[in-house]
>>> print(open('target-v1.pdb').read())   # PDB, C-alpha atoms, pLDDT in the B column
ATOM      1  CA  MET A  30     107.693 155.770 323.319  1.00 50.00           C
ATOM      2  CA  PRO A  31     110.527 156.641 325.712  1.00 54.00           C
ATOM      3  CA  LEU A  32     113.690 158.030 324.176  1.00 53.00           C
ATOM      4  CA  PRO A  33     116.354 157.366 326.844  1.00 54.00           C
ATOM      5  CA  PHE A  34     119.174 158.654 324.656  1.00 52.00           C
ATOM      6  CA  LEU A  35     117.623 162.156 324.849  1.00 52.00           C
ATOM      7  CA  THR A  36     117.585 162.242 328.647  1.00 49.00           C
ATOM      8  CA  ALA A  37     119.859 161.171 331.420  1.00 48.00           C
ATOM      9  CA  ASP A  38     117.598 158.350 332.629  1.00 48.00           C
ATOM     10  CA  LEU A  39     120.185 155.673 331.940  1.00 50.00           C
ATOM     11  CA  ASP A  40     123.152 157.006 333.889  1.00 49.00           C
ATOM     12  CA  ASP A  41     124.307 153.534 334.842  1.00 49.00           C
ATOM     13  CA  VAL A  42     124.799 152.428 331.231  1.00 46.00           C
ATOM     14  CA  ALA A  43     128.459 152.178 330.238  1.00 45.00           C
ATOM     15  CA  LEU A  44     129.844 154.758 327.900  1.00 48.00           C
ATOM     16  CA  PRO A  45     130.237 153.662 324.270  1.00 49.00           C
ATOM     17  CA  HIS A  46     134.008 153.280 324.498  1.00 51.00           C
ATOM     18  CA  ASP A  47     136.433 152.191 327.184  1.00 66.00           C
ATOM     19  CA  ASP A  48     139.507 153.919 325.776  1.00 71.00           C
ATOM     20  CA  HIS A  49     140.841 155.949 328.708  1.00 74.00           C
ATOM     21  CA  ASP A  50     143.069 158.004 326.382  1.00 79.00           C
ATOM     22  CA  ARG A  51     140.053 159.680 324.732  1.00 85.00           C
ATOM     23  CA  TRP A  52     138.369 162.667 326.362  1.00 89.00           C
ATOM     24  CA  ARG A  53     134.891 161.742 327.526  1.00 89.00           C
ATOM     25  CA  ARG A  54     132.191 163.071 329.814  1.00 90.00           C
ATOM     26  CA  PRO A  55     131.686 160.618 332.709  1.00 88.00           C
ATOM     27  CA  TYR A  56     127.962 161.431 332.902  1.00 90.00           C
ATOM     28  CA  ARG A  57     125.125 162.028 330.472  1.00 90.00           C
ATOM     29  CA  PRO A  58     123.885 165.538 329.696  1.00 90.00           C
ATOM     30  CA  GLY A  59     120.854 166.414 331.787  1.00 90.00           C
ATOM     31  CA  PRO A  60     117.302 166.945 330.557  1.00 90.00           C
ATOM     32  CA  TRP A  61     117.496 170.737 330.961  1.00 90.00           C
ATOM     33  CA  ARG A  62     120.562 170.947 328.713  1.00 91.00           C
ATOM     34  CA  VAL A  63     119.073 168.569 326.140  1.00 93.00           C
ATOM     35  CA  ALA A  64     115.695 170.360 326.081  1.00 94.00           C
ATOM     36  CA  THR A  65     117.337 173.766 325.659  1.00 94.00           C
ATOM     37  CA  GLY A  66     119.475 172.397 322.831  1.00 96.00           C
ATOM     38  CA  ALA A  67     116.435 170.906 321.114  1.00 97.00           C
ATOM     39  CA  VAL A  68     114.510 174.184 321.291  1.00 97.00           C
ATOM     40  CA  LEU A  69     117.483 176.159 319.961  1.00 97.00           C
ATOM     41  CA  LEU A  70     117.939 173.732 317.069  1.00 97.00           C
ATOM     42  CA  LEU A  71     114.224 174.004 316.279  1.00 98.00           C
ATOM     43  CA  ILE A  72     114.573 177.791 316.158  1.00 97.00           C
ATOM     44  CA  ALA A  73     117.621 177.421 313.912  1.00 98.00           C
ATOM     45  CA  SER A  74     115.648 175.198 311.524  1.00 97.00           C
ATOM     46  CA  PHE A  75     112.985 177.913 311.183  1.00 97.00           C
ATOM     47  CA  MET A  76     115.737 180.449 310.593  1.00 97.00           C
ATOM     48  CA  LEU A  77     117.153 178.254 307.806  1.00 97.00           C
ATOM     49  CA  LEU A  78     113.685 177.932 306.282  1.00 97.00           C
ATOM     50  CA  ALA A  79     113.402 181.730 306.372  1.00 97.00           C
ATOM     51  CA  THR A  80     116.807 181.927 304.703  1.00 97.00           C
ATOM     52  CA  MET A  81     115.581 179.755 301.853  1.00 97.00           C
ATOM     53  CA  ILE A  82     112.416 181.838 301.403  1.00 97.00           C
ATOM     54  CA  ILE A  83     114.410 185.080 301.431  1.00 96.00           C
ATOM     55  CA  ALA A  84     116.881 183.653 298.900  1.00 96.00           C
ATOM     56  CA  PHE A  85     114.056 182.559 296.555  1.00 95.00           C
ATOM     57  CA  ALA A  86     112.671 186.093 296.789  1.00 95.00           C
ATOM     58  CA  GLY A  87     115.992 187.358 295.462  1.00 90.00           C
ATOM     59  CA  ALA A  88     117.182 189.320 298.527  1.00 94.00           C
ATOM     60  CA  TRP A  89     120.655 187.795 298.742  1.00 95.00           C
ATOM     61  CA  ALA A  90     121.956 190.183 301.401  1.00 96.00           C
ATOM     62  CA  GLY A  91     119.039 189.373 303.694  1.00 95.00           C
ATOM     63  CA  ALA A  92     119.496 185.659 303.046  1.00 96.00           C
ATOM     64  CA  ALA A  93     123.180 185.898 303.947  1.00 97.00           C
ATOM     65  CA  VAL A  94     122.380 187.673 307.223  1.00 97.00           C
ATOM     66  CA  CYS A  95     119.689 185.132 308.087  1.00 97.00           C
ATOM     67  CA  MET A  96     122.050 182.248 307.216  1.00 97.00           C
ATOM     68  CA  ALA A  97     124.791 183.699 309.423  1.00 98.00           C
ATOM     69  CA  ALA A  98     122.342 184.084 312.318  1.00 97.00           C
ATOM     70  CA  ALA A  99     121.091 180.505 311.920  1.00 97.00           C
ATOM     71  CA  LEU A 100     124.625 179.108 311.801  1.00 97.00           C
ATOM     72  CA  SER A 101     125.579 181.084 314.900  1.00 98.00           C
ATOM     73  CA  VAL A 102     122.585 179.581 316.759  1.00 97.00           C
ATOM     74  CA  VAL A 103     123.638 176.086 315.654  1.00 97.00           C
ATOM     75  CA  GLY A 104     127.244 176.746 316.737  1.00 96.00           C
ATOM     76  CA  ALA A 105     126.175 178.137 320.098  1.00 96.00           C
ATOM     77  CA  THR A 106     123.930 175.135 320.661  1.00 96.00           C
ATOM     78  CA  ALA A 107     126.732 172.706 319.861  1.00 95.00           C
ATOM     79  CA  ARG A 108     129.038 174.512 322.280  1.00 95.00           C
ATOM     80  CA  MET A 109     126.357 174.516 324.996  1.00 94.00           C
ATOM     81  CA  LEU A 110     125.779 170.781 324.575  1.00 93.00           C
ATOM     82  CA  ARG A 111     129.525 170.130 324.758  1.00 92.00           C
ATOM     83  CA  ALA A 112     129.957 172.083 328.015  1.00 92.00           C
ATOM     84  CA  GLY A 113     130.734 170.060 331.107  1.00 91.00           C
ATOM     85  CA  VAL A 114     133.535 168.091 332.690  1.00 92.00           C
ATOM     86  CA  TRP A 115     135.572 165.708 330.550  1.00 92.00           C
ATOM     87  CA  VAL A 116     138.195 163.214 331.705  1.00 91.00           C
ATOM     88  CA  SER A 117     140.912 161.107 330.159  1.00 90.00           C
ATOM     89  CA  ARG A 118     144.088 159.454 331.325  1.00 89.00           C
ATOM     90  CA  ALA A 119     145.849 162.771 330.667  1.00 89.00           C
ATOM     91  CA  GLY A 120     143.743 164.807 333.081  1.00 90.00           C
ATOM     92  CA  LEU A 121     140.614 166.747 333.803  1.00 90.00           C
ATOM     93  CA  ARG A 122     139.035 169.221 331.380  1.00 91.00           C
ATOM     94  CA  ARG A 123     136.325 171.755 332.238  1.00 91.00           C
ATOM     95  CA  VAL A 124     134.583 172.930 329.080  1.00 92.00           C
ATOM     96  CA  ALA A 125     132.567 176.120 329.515  1.00 90.00           C
ATOM     97  CA  PHE A 126     130.648 178.072 326.892  1.00 91.00           C
ATOM     98  CA  PHE A 127     133.439 180.589 326.288  1.00 93.00           C
ATOM     99  CA  GLY A 128     136.541 178.680 327.320  1.00 91.00           C
ATOM    100  CA  THR A 129     138.181 175.391 328.179  1.00 90.00           C
ATOM    101  CA  ARG A 130     140.681 174.632 330.907  1.00 90.00           C
ATOM    102  CA  SER A 131     142.607 171.380 331.249  1.00 89.00           C
ATOM    103  CA  VAL A 132     144.562 170.199 334.258  1.00 90.00           C
ATOM    104  CA  ALA A 133     146.835 167.161 334.333  1.00 89.00           C
ATOM    105  CA  TRP A 134     146.016 164.602 337.012  1.00 89.00           C
ATOM    106  CA  SER A 135     149.469 165.140 338.500  1.00 88.00           C
ATOM    107  CA  GLN A 136     148.489 168.762 339.214  1.00 89.00           C
ATOM    108  CA  VAL A 137     145.235 167.842 341.007  1.00 88.00           C
ATOM    109  CA  ALA A 138     145.686 167.907 344.774  1.00 86.00           C
ATOM    110  CA  GLU A 139     142.113 167.325 345.877  1.00 86.00           C
ATOM    111  CA  LEU A 140     138.641 166.790 344.468  1.00 88.00           C
ATOM    112  CA  ARG A 141     135.800 167.043 346.958  1.00 88.00           C
ATOM    113  CA  THR A 142     132.108 167.749 347.270  1.00 90.00           C
ATOM    114  CA  VAL A 143     131.238 170.744 349.453  1.00 91.00           C
ATOM    115  CA  GLN A 144     128.074 172.521 350.566  1.00 92.00           C
ATOM    116  CA  GLN A 145     128.067 176.108 349.291  1.00 89.00           C
ATOM    117  CA  PRO A 146     125.909 178.619 347.431  1.00 90.00           C
ATOM    118  CA  VAL A 147     125.677 177.513 343.797  1.00 91.00           C
ATOM    119  CA  ARG A 148     124.163 179.092 340.714  1.00 89.00           C
ATOM    120  CA  TRP A 149     120.739 177.808 339.725  1.00 89.00           C
ATOM    121  CA  LEU A 150     120.838 176.636 336.060  1.00 82.00           C
ATOM    122  CA  GLY A 151     123.831 178.919 335.510  1.00 81.00           C
ATOM    123  CA  LEU A 152     121.773 182.042 336.194  1.00 83.00           C
ATOM    124  CA  PRO A 153     122.877 184.775 338.627  1.00 87.00           C
ATOM    125  CA  ARG A 154     120.468 183.504 341.305  1.00 88.00           C
ATOM    126  CA  THR A 155     122.228 181.365 343.907  1.00 86.00           C
ATOM    127  CA  VAL A 156     120.813 178.666 346.139  1.00 91.00           C
ATOM    128  CA  GLN A 157     122.380 176.417 348.763  1.00 92.00           C
ATOM    129  CA  GLY A 158     123.614 173.227 347.147  1.00 91.00           C
ATOM    130  CA  GLN A 159     126.473 170.836 346.561  1.00 91.00           C
ATOM    131  CA  ALA A 160     129.449 171.557 344.369  1.00 91.00           C
ATOM    132  CA  LEU A 161     132.391 169.455 343.251  1.00 91.00           C
ATOM    133  CA  THR A 162     135.547 171.543 343.612  1.00 90.00           C
ATOM    134  CA  VAL A 163     139.104 170.873 342.583  1.00 89.00           C
ATOM    135  CA  HIS A 164     142.264 172.240 344.183  1.00 87.00           C
ATOM    136  CA  THR A 165     145.575 172.099 342.332  1.00 87.00           C
ATOM    137  CA  ARG A 166     148.989 171.377 343.842  1.00 87.00           C
ATOM    138  CA  ASP A 167     150.097 174.997 343.353  1.00 86.00           C
ATOM    139  CA  GLY A 168     147.260 176.102 345.651  1.00 80.00           C
ATOM    140  CA  SER A 169     144.927 177.560 343.034  1.00 78.00           C
ATOM    141  CA  ARG A 170     141.259 176.642 342.788  1.00 75.00           C
ATOM    142  CA  LEU A 171     139.568 175.981 339.504  1.00 80.00           C
ATOM    143  CA  PRO A 172     135.986 177.111 338.956  1.00 84.00           C
ATOM    144  CA  VAL A 173     133.409 174.696 340.338  1.00 87.00           C
ATOM    145  CA  LEU A 174     133.287 171.549 338.205  1.00 87.00           C
ATOM    146  CA  LEU A 175     129.759 170.304 338.918  1.00 90.00           C
ATOM    147  CA  THR A 176     126.804 171.504 340.953  1.00 91.00           C
ATOM    148  CA  ASP A 177     123.591 169.776 341.877  1.00 90.00           C
ATOM    149  CA  HIS A 178     121.614 172.751 340.493  1.00 90.00           C
ATOM    150  CA  SER A 179     123.205 172.838 337.024  1.00 89.00           C
ATOM    151  CA  ALA A 180     121.450 171.989 333.760  1.00 88.00           C
ATOM    152  CA  ASP A 181     122.809 168.451 334.025  1.00 90.00           C
ATOM    153  CA  PHE A 182     121.776 167.630 337.598  1.00 91.00           C
ATOM    154  CA  LEU A 183     118.805 169.795 338.625  1.00 88.00           C
ATOM    155  CA  SER A 184     116.344 167.567 340.564  1.00 86.00           C
ATOM    156  CA  ARG A 185     118.647 164.576 340.019  1.00 88.00           C
ATOM    157  CA  ALA A 186     120.644 164.272 343.251  1.00 87.00           C
ATOM    158  CA  GLU A 187     121.558 160.613 342.630  1.00 91.00           C
ATOM    159  CA  ALA A 188     123.042 161.443 339.232  1.00 91.00           C
ATOM    160  CA  PHE A 189     125.106 164.252 340.775  1.00 91.00           C
ATOM    161  CA  GLU A 190     126.447 161.924 343.477  1.00 92.00           C
ATOM    162  CA  ARG A 191     127.264 159.257 340.886  1.00 92.00           C
ATOM    163  CA  ALA A 192     129.085 161.778 338.647  1.00 91.00           C
ATOM    164  CA  ALA A 193     131.029 163.239 341.592  1.00 91.00           C
ATOM    165  CA  ASP A 194     132.016 159.749 342.750  1.00 91.00           C
ATOM    166  CA  THR A 195     133.114 158.836 339.223  1.00 90.00           C
ATOM    167  CA  LEU A 196     135.289 161.944 338.924  1.00 90.00           C
ATOM    168  CA  GLU A 197     136.821 161.297 342.352  1.00 89.00           C
ATOM    169  CA  ALA A 198     137.551 157.704 341.304  1.00 88.00           C
ATOM    170  CA  TRP A 199     139.281 158.914 338.129  1.00 87.00           C
ATOM    171  CA  ALA A 200     141.334 161.312 340.231  1.00 88.00           C
ATOM    172  CA  GLU A 201     142.365 158.557 342.658  1.00 87.00           C
ATOM    173  CA  GLU A 202     143.303 156.218 339.810  1.00 84.00           C
ATOM    174  CA  TYR A 203     145.338 158.624 337.691  1.00 83.00           C
ATOM    175  CA  ARG A 204     146.766 161.198 340.137  1.00 77.00           C
ATOM    176  CA  ALA A 205     149.859 159.154 340.952  1.00 66.00           C
ATOM    177  CA  VAL A 206     150.167 157.509 337.517  1.00 57.00           C
ATOM    178  CA  PRO A 207     152.187 159.287 334.790  1.00 53.00           C
ATOM    179  CA  ALA A 208     150.184 160.319 331.732  1.00 51.00           C
ATOM    180  CA  GLY A 209     152.213 158.087 329.363  1.00 52.00           C
ATOM    181  CA  ARG A 210     151.633 154.905 331.383  1.00 50.00           C
TER     182      ARG A 210
END
>>> encode(input="target-v1.pdb", output="structure tokens")
Amino acid sequence: MPLPFLTADLDDVALPHDDHDRWRRPYRPGPWRVATGAVLLLIASFMLLATMIIAFAGAWAGAAVCMAAALSVVGATARMLRAGVWVSRAGLRRVAFFGTRSVAWSQVAELRTVQQPVRWLGLPRTVQGQALTVHTRDGSRLPVLLTDHSADFLSRAEAFERAADTLEAWAEEYRAVPAGR
């Protein structure tokens, strides 16, 4: 039984809401990101089971440590699944594991896809690939928004192109329009 909501097989399906004022990711999380999240949540469930066993044994300090570790795995997984590029009428938001940076559309000078060395699945190893970069009006460059070798787009070139085109379309639509519209 296929479970399309767990993978990015249905990239052409409209997002569940059309409210352009809400922050939303204009693409689905990729299979690498979803699989990693599923494995981490499975590990966290075993950690919670161990917490219960330790608590029934009466070792409350050990149970507290195990509970804290399990909750930190769940929190890290949620943050990892939330990472990516988000858009709204207000601007562009790049959510990373340790930080978030938002830029108003009026500050975006250019969004374009370039060929450059990119990180493979976020690891230190780099390979030649495509990256979506953004330049701001004050001349600064943000970190790369999307790459075709990330956890969302590895081995899915069409999905990367579709996501890059969608982000460029959002930029064209809202760059000249004030946020309050």
>>> resolve_selection(input="target-v1.pdb", expression="the PyMOL selection byres ((chain A and resi 146) around 6)", output="list in words")
Gln145, Val147, Thr155, Val156, Gln157 and Gly158 of chain A
>>> closest_residue(input="target-v1.pdb", among="A:Thr162, A:Ser169, A:Thr142, A:Ser131", to="Glu190 in chain A", atoms="all atoms listed in the file")
A:Thr142
>>> residues_around(input="target-v1.pdb", residues="range 87-98 of chain A", least_positions_apart="4", cutoff="12 Å", atoms="only C-alpha atoms", output="ChimeraX atom specification")
/A:72-83,102-105
>>> residues_around(input="target-v1.pdb", residues="Pro55 in chain A", least_positions_apart="3", cutoff="10 Å", atoms="only C-alpha atoms", output="NGL selection string")
:A and (40 or 43-44 or 52 or 58 or 113-117 or 191-193 or 195-196 or 199)
>>> closest_residue(input="target-v1.pdb", among="A:Pro153, A:Leu69, A:Arg62, A:Glu197", to="Ala99 in chain A", atoms="only C-alpha atoms")
A:Leu69
>>> build_atoms(input="target-v1.pdb", residues="range 75-87 of chain A", atoms="N, CA and C atoms", output="mmCIF file, keeping the file's coordinate frame")
data_model
loop_
_atom_site.group_PDB
_atom_site.id
_atom_site.type_symbol
_atom_site.label_atom_id
_atom_site.label_comp_id
_atom_site.auth_asym_id
_atom_site.auth_seq_id
_atom_site.Cartn_x
_atom_site.Cartn_y
_atom_site.Cartn_z
ATOM 1 N N PHE A 75 113.895 176.891 311.726
ATOM 2 C CA PHE A 75 112.985 177.913 311.183
ATOM 3 C C PHE A 75 113.773 179.063 310.563
ATOM 4 N N MET A 76 114.900 179.385 311.162
ATOM 5 C CA MET A 76 115.737 180.449 310.593
ATOM 6 C C MET A 76 116.292 180.022 309.229
ATOM 7 N N LEU A 77 116.661 178.751 309.097
ATOM 8 C CA LEU A 77 117.153 178.254 307.806
ATOM 9 C C LEU A 77 116.037 178.212 306.763
ATOM 10 N N LEU A 78 114.828 177.885 307.193
ATOM 11 C CA LEU A 78 113.685 177.932 306.282
ATOM 12 C C LEU A 78 113.446 179.372 305.818
ATOM 13 N N ALA A 79 113.548 180.315 306.734
ATOM 14 C CA ALA A 79 113.402 181.730 306.372
ATOM 15 C C ALA A 79 114.507 182.156 305.417
ATOM 16 N N THR A 80 115.695 181.623 305.610
ATOM 17 C CA THR A 80 116.807 181.927 304.703
ATOM 18 C C THR A 80 116.482 181.478 303.286
ATOM 19 N N MET A 81 115.935 180.274 303.169
ATOM 20 C CA MET A 81 115.581 179.755 301.853
ATOM 21 C C MET A 81 114.497 180.615 301.194
ATOM 22 N N ILE A 82 113.497 181.006 301.952
ATOM 23 C CA ILE A 82 112.416 181.838 301.403
ATOM 24 C C ILE A 82 112.957 183.193 300.961
ATOM 25 N N ILE A 83 113.824 183.782 301.781
ATOM 26 C CA ILE A 83 114.410 185.080 301.431
ATOM 27 C C ILE A 83 115.284 184.954 300.189
ATOM 28 N N ALA A 84 116.022 183.853 300.073
ATOM 29 C CA ALA A 84 116.881 183.653 298.900
ATOM 30 C C ALA A 84 116.040 183.479 297.641
ATOM 31 N N PHE A 85 114.929 182.727 297.717
ATOM 32 C CA PHE A 85 114.056 182.559 296.555
ATOM 33 C C PHE A 85 113.407 183.879 296.146
ATOM 34 N N ALA A 86 113.241 184.782 297.100
ATOM 35 C CA ALA A 86 112.671 186.093 296.789
ATOM 36 C C ALA A 86 113.696 186.997 296.126
ATOM 37 N N GLY A 87 114.958 186.593 296.147
ATOM 38 C CA GLY A 87 115.992 187.358 295.462
ATOM 39 C C GLY A 87 116.738 188.349 296.335
#
